[in-house]
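A.B. asks: What follows is a single structure, and I will ask about it in a moment.
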Amino acid sequence: MNWFLLAFACILTAVISVSWWLMLKSRLRLPPGPMALPIVGHLHLLLKLPHQSFHKLSHKFGPIMTIKLGNKTAIVISSKKAAKEILTSYDRVFASRPVLISPQSLCYNSKNISCCKYGPYWREMRKICTTELFSSKRLSSFQNTRLEETQNLLQRVAEQLKVPINMKIELSTLTLNVITRMAIGKKFRHGEFSEDAEPLNVILEAVRLMGAVNLGDYIPFLKRLDPGGYIPRLKKTSKKIDCILQRLVDDHREEKVKSGDLVDVLQSVGIEDSAIKAVILDILAGGTDTTAVTTEWALSELLRNPECLRKVQQEIHVIVGDNRLVNENDLHHLHYLKAVVKETFRLHPAAPMMAPHESIEACTLKGYTIPAKTWLLINAWSMGRDPAQWDSPEEFMPERFINSSIDVKGCDFELIPFGAGRRMCVGMSLALCMVELTLARLVQAFHWALPDGSTMNMEERQGVIVARKHPLIAVANRRLPPEVYINTL
Ligand code: HEM
């Protein structure tokens with residue numbers, strides 16, 4: 001009898017959801033989209049590599065497509081034209097973010113910049129970070145920090161010559177060191193926290209959890225059941241994060257650390273501790289993995305395309321020479337290197353679907369009616385592979401950017417790895433400088449090869465930040481005279 005009732009309830013729910021979805025679609029005139037499954041809609045597509053699934057679907061349903069994620073309605077954008085229209089004419093309407101379980105738990109009720117709602121709080125926090133951390137003056141004041149840390153990376157590599165090196169770990173350590181020195185005035189010391197609360201691992205786990213698909217976000221009755229088992233992981237990680245960040249905030253308050261860094265600034269204007277911790281976590285988590293993952297993709301592409309690697313090395317040889325390392329002023333003259341970095345962003349945008357945006361009010365887009373609280377997913381990965389915009393889109397061809405004015409800075413909508421409009425990445429200038437400098441120094445200082453017997457696998461790992469499925473393991477050998485590797489700062 002119970003089984004009969006359960007089956008009846010399931011069928012009834014399915015029929016109601018499908019009819020509701022069809023009715024909503026016809027009444028609201030939403031953009032076209034694939035038929036949704038009852039209750040889950042298209043949630044199953046999020047579980048693999050959604051940017052790739054949505055890319056394929058956009059060939060059938062067009063560049064503005066509607067999908068259902070449980071009880072949420074989302075529109076997915078996959079073309080330059082649609083992205084330009086929505087991120088210029090409707091930028092304010094879609095400037096908010098949905099409330100999700102992971103940032104609620106990890107980021108002190110979504111008090112971080114990247115997940116908080118659009119409004120005065122977001123504006124204030126974003127403004128403080130932009131002026132205190134990412135203005136050109138502040139960025140150039142940290143130039144020596146970046147040079148020192150990239151040189152430390154070269155020294156670590158030089159100590160492991162001819163043996164396989166896990167570049168993912170090396171690059172993540174480098175970016176975390178730079179960002180912590182800039183934002184919190186110090187590096188985390190080895191052994192400063194217990195082994196299971198090692199800051200880099202805790203931050204990478206937070207990034208993984210932020211990108212995980214938590215079914216409770218989409219099917220409210222599953223929130224309590226927690227079918228993916230995320231709640232205990234979130235609680236454990238939140239506790240570790242709070243332990244690291246609270247100590248940091250207290251040390252700054254007690255003036256153990258005094259460097260005029262972001263924590264000092266946030267404290268001086270009276271921001272409460274939970275908001276300071278959320279913003280610092282955002283900067284550390286938002287900046288570390290994205291920047292490291294991009295550099296790792298770039299180096300992988302160069303290893304896969306030896307002719308491109310040779311051209312970058314030749315350019316550096318001509319412009320900089322072999323007796324000193326590349327510095328930041330050289331970057332303006334390294335046009336082929338910049339083209340390699342842009343081509344990497346085109347094929348491997350670290351956050352291929354951005355972070356979900358949410359509309360704050362209803363709007364009409366291309367004759368479609370989009371209700372308030374609709375999600376907006378912008379598929380930068382798909383736009384980077386659009387044959388209408390790019391010749392041989394699947395090929396790695398940095399030459400396409402030589403003599404081209406297309407840039408990644410949010411004005412050329414066919415290439416927006418940092419997003420565009422109000423919610424675009426705050427850390428873009430730092431990220432660009434870090435990726436270019438690190439890549440230039442790595443290929444200038446070393447010959448690179450894969451370990452004997454291994455081949456390059458370019459598969460992607462699922463997550464909001466799309467890293468290589470298999471970390472890049474590479475072997476380095478010296479290219480420059482020994483004195484160049486000695487720290488000269
Ligand atoms: C290669 C490196 C990076 C890439 C590809 C990247 C990409 C992005 C993207 C796509 C967004 C979302 C845009 C949107 O939703 O419309 C974003 C937002 C953000 N990024 Fe980055 N990012 C990178 C590095 C950084 C760095 C170094 C930092 C800080 C140190 C940072 C901090 C942030 C923050 C705080 C936001 C939220 C902005 C907001 O919601 O107002 N990112 N980033």
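By convention in this document, the chains of the structure tokens carry letters A, B, ... by their order, each chain's residues are numbered from 1, and ligands are numbered from 1 in the order they are shown.
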Would you tabulate, counting only C-alpha atoms and all ligand atoms, all residues of chain A that have an atom at most 8 Å from an atom of ligand 1, showing the closest pair of atoms and their distance in Å to one decimal, sorted by chain then ascending number, as CSV?

C.D. replies:
residue,atom,partner,partner_atom_place_in_ligand_line,distance
A:Arg97,CA,ligand 1,40 (O),8.0
A:Asn112,CA,ligand 1,35 (C),7.6
A:Ile113,CA,ligand 1,40 (O),5.3
A:Ser114,CA,ligand 1,40 (O),3.4
A:Cys115,CA,ligand 1,40 (O),6.2
A:Cys116,CA,ligand 1,40 (O),7.3
A:Trp122,CA,ligand 1,41 (O),7.1
A:Arg126,CA,ligand 1,41 (O),6.4
A:Ile179,CA,ligand 1,30 (C),6.1
A:Val279,CA,ligand 1,35 (C),7.6
A:Asp282,CA,ligand 1,35 (C),5.6
A:Ile283,CA,ligand 1,29 (C),4.4
A:Leu284,CA,ligand 1,30 (C),6.1
A:Ala285,CA,ligand 1,29 (C),7.8
A:Gly286,CA,ligand 1,32 (C),4.6
A:Gly287,CA,ligand 1,26 (C),3.3
A:Thr288,CA,ligand 1,27 (C),6.4
A:Asp289,CA,ligand 1,2 (C),7.8
A:Thr290,CA,ligand 1,2 (C),4.4
A:Thr291,CA,ligand 1,2 (C),4.0
A:Ala292,CA,ligand 1,1 (C),7.4
A:Val293,CA,ligand 1,1 (C),7.4
A:Thr294,CA,ligand 1,1 (C),5.4
A:Thr295,CA,ligand 1,1 (C),7.8
A:Phe345,CA,ligand 1,5 (C),7.3
A:Pro349,CA,ligand 1,5 (C),5.7
A:Ala350,CA,ligand 1,5 (C),4.7
A:Ala351,CA,ligand 1,10 (C),5.0
A:Pro352,CA,ligand 1,10 (C),6.9
A:Met353,CA,ligand 1,10 (C),7.1
A:Met354,CA,ligand 1,10 (C),4.0
A:Ala355,CA,ligand 1,15 (O),4.2
A:Pro356,CA,ligand 1,15 (O),6.1
A:His357,CA,ligand 1,15 (O),6.3
A:Ile378,CA,ligand 1,16 (O),7.8
A:Ile416,CA,ligand 1,10 (C),7.5
A:Pro417,CA,ligand 1,5 (C),5.2
A:Phe418,CA,ligand 1,7 (C),4.0
A:Gly419,CA,ligand 1,13 (C),4.3
A:Ala420,CA,ligand 1,16 (O),5.9
A:Gly421,CA,ligand 1,16 (O),7.1
A:Arg422,CA,ligand 1,41 (O),6.6
A:Arg423,CA,ligand 1,41 (O),4.0
A:Met424,CA,ligand 1,13 (C),4.2
A:Cys425,CA,ligand 1,18 (C),3.6
A:Val426,CA,ligand 1,33 (C),5.0
A:Gly427,CA,ligand 1,28 (C),3.7
A:Met428,CA,ligand 1,24 (C),5.6
A:Ser429,CA,ligand 1,27 (C),7.8
A:Leu430,CA,ligand 1,27 (C),5.6
A:Ala431,CA,ligand 1,27 (C),4.5
A:Leu432,CA,ligand 1,1 (C),6.6
A:Val435,CA,ligand 1,1 (C),7.1

A.B. asks: Name the residues of segment 59-219 of chain A that fall into strand (DSSP E) according to DSSP on the backbone, using the chain letters and numbers of this document, as a ChimeraX atom specification.

C.D. replies: /A:64-69,72-77,165-166

A.B. asks: For those residues, write N, CA and C atoms to a file as a PDB file, in the first residue's frame.

C.D. replies:
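Contents of result-v5.pdb, freshly written:
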ATOM      1  N   ILE A  64      20.938  31.770 -26.770  1.00  0.00           N
ATOM      2  CA  ILE A  64      20.237  32.137 -25.517  1.00  0.00           C
ATOM      3  C   ILE A  64      19.280  30.981 -25.245  1.00  0.00           C
ATOM      4  N   MET A  65      19.564  30.220 -24.220  1.00  0.00           N
ATOM      5  CA  MET A  65      18.860  28.951 -24.020  1.00  0.00           C
ATOM      6  C   MET A  65      18.334  28.891 -22.590  1.00  0.00           C
ATOM      7  N   THR A  66      17.169  28.297 -22.412  1.00  0.00           N
ATOM      8  CA  THR A  66      16.645  28.153 -21.045  1.00  0.00           C
ATOM      9  C   THR A  66      16.900  26.735 -20.554  1.00  0.00           C
ATOM     10  N   ILE A  67      17.339  26.610 -19.319  1.00  0.00           N
ATOM     11  CA  ILE A  67      17.426  25.279 -18.710  1.00  0.00           C
ATOM     12  C   ILE A  67      16.788  25.337 -17.316  1.00  0.00           C
ATOM     13  N   LYS A  68      16.442  24.168 -16.810  1.00  0.00           N
ATOM     14  CA  LYS A  68      15.876  24.086 -15.460  1.00  0.00           C
ATOM     15  C   LYS A  68      16.861  23.359 -14.569  1.00  0.00           C
ATOM     16  N   LEU A  69      17.200  23.968 -13.456  1.00  0.00           N
ATOM     17  CA  LEU A  69      18.075  23.309 -12.489  1.00  0.00           C
ATOM     18  C   LEU A  69      17.232  23.098 -11.234  1.00  0.00           C
ATOM     19  N   LYS A  72      15.047  25.978 -10.112  1.00  0.00           N
ATOM     20  CA  LYS A  72      15.578  27.260 -10.612  1.00  0.00           C
ATOM     21  C   LYS A  72      15.495  27.299 -12.133  1.00  0.00           C
ATOM     22  N   THR A  73      15.204  28.481 -12.651  1.00  0.00           N
ATOM     23  CA  THR A  73      15.233  28.659 -14.101  1.00  0.00           C
ATOM     24  C   THR A  73      16.513  29.431 -14.427  1.00  0.00           C
ATOM     25  N   ALA A  74      17.246  28.952 -15.440  1.00  0.00           N
ATOM     26  CA  ALA A  74      18.495  29.641 -15.798  1.00  0.00           C
ATOM     27  C   ALA A  74      18.526  29.873 -17.304  1.00  0.00           C
ATOM     28  N   ILE A  75      19.114  31.006 -17.699  1.00  0.00           N
ATOM     29  CA  ILE A  75      19.382  31.149 -19.124  1.00  0.00           C
ATOM     30  C   ILE A  75      20.893  31.066 -19.335  1.00  0.00           C
ATOM     31  N   VAL A  76      21.238  30.351 -20.399  1.00  0.00           N
ATOM     32  CA  VAL A  76      22.655  30.110 -20.685  1.00  0.00           C
ATOM     33  C   VAL A  76      23.009  30.869 -21.954  1.00  0.00           C
ATOM     34  N   ILE A  77      24.080  31.670 -21.871  1.00  0.00           N
ATOM     35  CA  ILE A  77      24.487  32.517 -22.994  1.00  0.00           C
ATOM     36  C   ILE A  77      25.750  31.920 -23.624  1.00  0.00           C
ATOM     37  N   ILE A 165      58.234  16.977 -11.670  1.00  0.00           N
ATOM     38  CA  ILE A 165      57.772  17.981 -10.689  1.00  0.00           C
ATOM     39  C   ILE A 165      56.261  18.158 -10.878  1.00  0.00           C
ATOM     40  N   ASN A 166      55.531  18.164  -9.757  1.00  0.00           N
ATOM     41  CA  ASN A 166      54.098  18.427  -9.840  1.00  0.00           C
ATOM     42  C   ASN A 166      53.908  19.948  -9.938  1.00  0.00           C
TER      43      ASN A 166
END

A.B. asks: How far is it from atom CA of Ile406 of chain A to atom CA of Glu315 of chain A, in Å with one decimal?

C.D. replies: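 Computing the Euclidean distance for atom CA of Ile406 of chain A and atom CA of Glu315 of chain A yields 20.8 Å.
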
A.B. asks: Can you list, as a list of chain:residue names, every protein, DNA or RNA residue that comes within 12 Å of His59 of chain A when you count only C-alpha atoms, leaving out same-chain residues fewer than 4 positions away?

C.D. replies: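 Answer for this query is A:Pro32, A:Gly33, A:Pro34, A:Gln52, A:Ser53, A:Phe54, A:His55, A:Pro63, A:Ile64, A:Met65, A:Ile77, A:Ser78, A:Ser79, A:Ser382, A:Met383, A:Arg385, A:Asp386, A:Pro387.
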
A.B. asks: Find the distance between atom CA of Tyr485 of chain A and atom CA of Ser140 of chain A and write it in Å to one decimal.

C.D. replies: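 For atom CA of Tyr485 of chain A relative to atom CA of Ser140 of chain A, the distance reads 23.2 Å.
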
A.B. asks: Residues of segment 99-246 of chain A classed as helix (DSSP H, G or I) by DSSP on the backbone are to be reported as a PyMOL selection string.

C.D. replies: chain A and resi 101-106+120-132+136-141+143-158+167-184+195-197+199-211+215-217+220-222+230-246

A.B. asks: Quick one: residues within 10 Å of segment 217-219 of chain A, only C-alpha atoms counted, chain neighbours fewer than 6 positions away excluded, as a PyMOL selection string?

C.D. replies: chain A and resi 39-41+43+68-73+98-102

A.B. asks: Okay, now the selection with all heavy atoms, as an mmCIF file, in the first residue's frame?

C.D. replies:
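Wrote out15.cif, looks like this:
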data_model
loop_
_atom_site.group_PDB
_atom_site.id
_atom_site.type_symbol
_atom_site.label_atom_id
_atom_site.label_comp_id
_atom_site.auth_asym_id
_atom_site.auth_seq_id
_atom_site.Cartn_x
_atom_site.Cartn_y
_atom_site.Cartn_z
ATOM 1 N N ILE A 39 11.196 17.192 -11.826
ATOM 2 C CA ILE A 39 11.875 17.549 -10.559
ATOM 3 C C ILE A 39 13.324 18.028 -10.770
ATOM 4 O O ILE A 39 13.660 19.129 -10.408
ATOM 5 C CB ILE A 39 11.864 16.385 -9.530
ATOM 6 C CG1 ILE A 39 10.406 15.973 -9.281
ATOM 7 C CG2 ILE A 39 12.511 16.813 -8.201
ATOM 8 C CD1 ILE A 39 10.241 14.734 -8.473
ATOM 9 N N VAL A 40 14.174 17.191 -11.375
ATOM 10 C CA VAL A 40 15.588 17.582 -11.475
ATOM 11 C C VAL A 40 15.851 18.545 -12.629
ATOM 12 O O VAL A 40 16.844 19.274 -12.634
ATOM 13 C CB VAL A 40 16.529 16.361 -11.635
ATOM 14 C CG1 VAL A 40 16.538 15.523 -10.393
ATOM 15 C CG2 VAL A 40 16.173 15.522 -12.856
ATOM 16 N N GLY A 41 14.980 18.565 -13.626
ATOM 17 C CA GLY A 41 15.219 19.414 -14.803
ATOM 18 C C GLY A 41 16.470 18.956 -15.531
ATOM 19 O O GLY A 41 16.591 17.790 -15.916
ATOM 20 N N LEU A 43 19.530 19.164 -14.081
ATOM 21 C CA LEU A 43 20.587 19.148 -13.046
ATOM 22 C C LEU A 43 21.700 18.162 -13.350
ATOM 23 O O LEU A 43 22.863 18.420 -13.043
ATOM 24 C CB LEU A 43 19.962 18.750 -11.707
ATOM 25 C CG LEU A 43 19.661 19.840 -10.705
ATOM 26 C CD1 LEU A 43 19.155 19.245 -9.421
ATOM 27 C CD2 LEU A 43 20.907 20.688 -10.460
ATOM 28 N N LYS A 68 16.442 24.168 -16.810
ATOM 29 C CA LYS A 68 15.876 24.086 -15.460
ATOM 30 C C LYS A 68 16.861 23.359 -14.569
ATOM 31 O O LYS A 68 17.330 22.271 -14.905
ATOM 32 C CB LYS A 68 14.596 23.243 -15.491
ATOM 33 C CG LYS A 68 13.317 23.945 -15.853
ATOM 34 C CD LYS A 68 12.976 25.098 -14.983
ATOM 35 C CE LYS A 68 12.199 24.794 -13.728
ATOM 36 N NZ LYS A 68 11.855 26.039 -13.001
ATOM 37 N N LEU A 69 17.200 23.968 -13.456
ATOM 38 C CA LEU A 69 18.075 23.309 -12.489
ATOM 39 C C LEU A 69 17.232 23.098 -11.234
ATOM 40 O O LEU A 69 17.093 24.012 -10.416
ATOM 41 C CB LEU A 69 19.294 24.175 -12.204
ATOM 42 C CG LEU A 69 20.167 24.503 -13.432
ATOM 43 C CD1 LEU A 69 21.235 25.531 -13.116
ATOM 44 C CD2 LEU A 69 20.793 23.242 -14.005
ATOM 45 N N GLY A 70 16.605 21.935 -11.120
ATOM 46 C CA GLY A 70 15.648 21.725 -10.049
ATOM 47 C C GLY A 70 14.563 22.768 -10.162
ATOM 48 O O GLY A 70 13.954 22.924 -11.227
ATOM 49 N N ASN A 71 14.356 23.541 -9.069
ATOM 50 C CA ASN A 71 13.294 24.555 -9.130
ATOM 51 C C ASN A 71 13.798 25.917 -9.623
ATOM 52 O O ASN A 71 13.088 26.907 -9.561
ATOM 53 C CB ASN A 71 12.604 24.691 -7.761
ATOM 54 C CG ASN A 71 13.530 25.298 -6.713
ATOM 55 O OD1 ASN A 71 14.721 25.477 -6.981
ATOM 56 N ND2 ASN A 71 13.009 25.597 -5.543
ATOM 57 N N LYS A 72 15.047 25.978 -10.112
ATOM 58 C CA LYS A 72 15.578 27.260 -10.612
ATOM 59 C C LYS A 72 15.495 27.299 -12.133
ATOM 60 O O LYS A 72 15.722 26.289 -12.795
ATOM 61 C CB LYS A 72 17.064 27.430 -10.258
ATOM 62 C CG LYS A 72 17.419 27.121 -8.843
ATOM 63 C CD LYS A 72 17.257 28.347 -7.988
ATOM 64 C CE LYS A 72 17.709 28.127 -6.580
ATOM 65 N NZ LYS A 72 16.669 27.946 -5.601
ATOM 66 N N THR A 73 15.204 28.481 -12.651
ATOM 67 C CA THR A 73 15.233 28.659 -14.101
ATOM 68 C C THR A 73 16.513 29.431 -14.427
ATOM 69 O O THR A 73 16.828 30.420 -13.763
ATOM 70 C CB THR A 73 14.009 29.494 -14.550
ATOM 71 O OG1 THR A 73 12.838 28.797 -14.128
ATOM 72 C CG2 THR A 73 13.982 29.668 -16.054
ATOM 73 N N PRO A 98 22.785 34.257 -6.652
ATOM 74 C CA PRO A 98 21.839 33.456 -5.871
ATOM 75 C C PRO A 98 22.407 33.087 -4.499
ATOM 76 O O PRO A 98 23.629 33.072 -4.327
ATOM 77 C CB PRO A 98 21.665 32.199 -6.735
ATOM 78 C CG PRO A 98 22.859 32.131 -7.613
ATOM 79 C CD PRO A 98 23.385 33.534 -7.781
ATOM 80 N N VAL A 99 21.512 32.796 -3.565
ATOM 81 C CA VAL A 99 21.960 32.332 -2.237
ATOM 82 C C VAL A 99 22.195 30.829 -2.342
ATOM 83 O O VAL A 99 21.297 30.078 -2.724
ATOM 84 C CB VAL A 99 20.859 32.615 -1.175
ATOM 85 C CG1 VAL A 99 21.255 32.044 0.180
ATOM 86 C CG2 VAL A 99 20.591 34.099 -1.092
ATOM 87 N N LEU A 100 23.411 30.379 -2.039
ATOM 88 C CA LEU A 100 23.728 28.953 -2.162
ATOM 89 C C LEU A 100 24.301 28.432 -0.843
ATOM 90 O O LEU A 100 24.874 29.198 -0.058
ATOM 91 C CB LEU A 100 24.754 28.731 -3.293
ATOM 92 C CG LEU A 100 24.272 29.118 -4.703
ATOM 93 C CD1 LEU A 100 25.408 29.080 -5.700
ATOM 94 C CD2 LEU A 100 23.152 28.197 -5.165
ATOM 95 N N ILE A 101 24.151 27.114 -0.656
ATOM 96 C CA ILE A 101 24.523 26.531 0.644
ATOM 97 C C ILE A 101 26.026 26.696 0.951
ATOM 98 O O ILE A 101 26.391 27.100 2.047
ATOM 99 C CB ILE A 101 24.122 25.034 0.693
ATOM 100 C CG1 ILE A 101 22.595 24.901 0.591
ATOM 101 C CG2 ILE A 101 24.630 24.365 1.957
ATOM 102 C CD1 ILE A 101 22.092 23.491 0.350
ATOM 103 N N SER A 102 26.890 26.394 -0.023
ATOM 104 C CA SER A 102 28.340 26.405 0.272
ATOM 105 C C SER A 102 28.851 27.778 0.709
ATOM 106 O O SER A 102 29.480 27.887 1.766
ATOM 107 C CB SER A 102 29.152 25.912 -0.923
ATOM 108 O OG SER A 102 28.864 24.585 -1.161
#

A.B. asks: So that I can see what lies close to Asp251 of chain A, please list as a PyMOL selection string the residues with an atom at most 12 Å from it, counting only C-alpha atoms and leaving out residues fewer than 6 positions away in the same chain.

C.D. replies: chain A and resi 184-186+244-245+257-259+263-264+267

A.B. asks: Using the selection just defined, write its residues with C-alpha atoms as a PDB file, in the first residue's frame.

C.D. replies:
ATOM      1  CA  ILE A 184      47.426  39.884   4.723  1.00  0.00           C
ATOM      2  CA  GLY A 185      50.979  41.155   4.895  1.00  0.00           C
ATOM      3  CA  LYS A 186      52.691  37.771   5.352  1.00  0.00           C
ATOM      4  CA  ILE A 244      43.163  30.302  10.256  1.00  0.00           C
ATOM      5  CA  LEU A 245      41.355  33.581   9.559  1.00  0.00           C
ATOM      6  CA  VAL A 257      51.374  42.108  11.859  1.00  0.00           C
ATOM      7  CA  LYS A 258      51.477  45.733  10.700  1.00  0.00           C
ATOM      8  CA  SER A 259      51.896  46.337   7.042  1.00  0.00           C
ATOM      9  CA  VAL A 263      43.110  43.419   6.820  1.00  0.00           C
ATOM     10  CA  ASP A 264      44.444  46.646   8.413  1.00  0.00           C
ATOM     11  CA  GLN A 267      39.707  46.966  10.425  1.00  0.00           C
TER      12      GLN A 267
END

A.B. asks: Might you pull out every residue within 12 Å of Ser274 of chain A, with only C-alpha atoms counted and same-chain residues fewer than 4 positions away left off, and present them as a ChimeraX atom specification?

C.D. replies: /A:104-112,241-242,245-246,249,263,266-267,270,278-281

A.B. asks: Determine the nearest neighbour of Val464 of chain A from the options A:Arg346, A:Arg208, A:Lys240, A:Arg479, counting only C-alpha atoms.

C.D. replies: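 Answer, going by the shortest atom-to-atom distance: A:Arg208.
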
A.B. asks: With a distance cut-off of 9 Å and only C-alpha atoms, select the neighbouring residues of His447 of chain A, excluding the residue or stretch itself and same-chain residues fewer than 2 positions from it, and output the selection as a PyMOL selection string.

C.D. replies: chain A and resi 442-445+449+475-479

A.B. asks: Could you write out the selected residues, including C-alpha atoms, as a PDB file, in the first residue's frame?

C.D. replies:
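Everything below was put into result.pdb:
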ATOM      1  CA  LEU A 442      59.620  29.373 -16.322  1.00  0.00           C
ATOM      2  CA  VAL A 443      60.226  28.998 -20.060  1.00  0.00           C
ATOM      3  CA  GLN A 444      63.166  31.403 -20.072  1.00  0.00           C
ATOM      4  CA  ALA A 445      64.940  29.615 -17.240  1.00  0.00           C
ATOM      5  CA  ALA A 449      59.642  17.995 -21.194  1.00  0.00           C
ATOM      6  CA  VAL A 475      60.724  17.678 -16.050  1.00  0.00           C
ATOM      7  CA  ALA A 476      62.935  20.778 -16.135  1.00  0.00           C
ATOM      8  CA  ASN A 477      66.517  21.384 -17.177  1.00  0.00           C
ATOM      9  CA  ARG A 478      68.592  24.584 -16.948  1.00  0.00           C
ATOM     10  CA  ARG A 479      68.794  26.929 -19.975  1.00  0.00           C
TER      11      ARG A 479
END

A.B. asks: Could you tell me which of A:Ile473, A:Ala206, A:Leu437, A:Leu46 comes closest to Leu153 of chain A if we count only C-alpha atoms?

C.D. replies: A:Leu437

A.B. asks: Given the choices A:Glu436, A:Glu198, A:Glu132, A:Asp261, which gets closest to Val326 of chain A if the distance is worked out from only C-alpha atoms?

C.D. replies: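 Result for the nearest residue to Val326 of chain A: A:Glu436.
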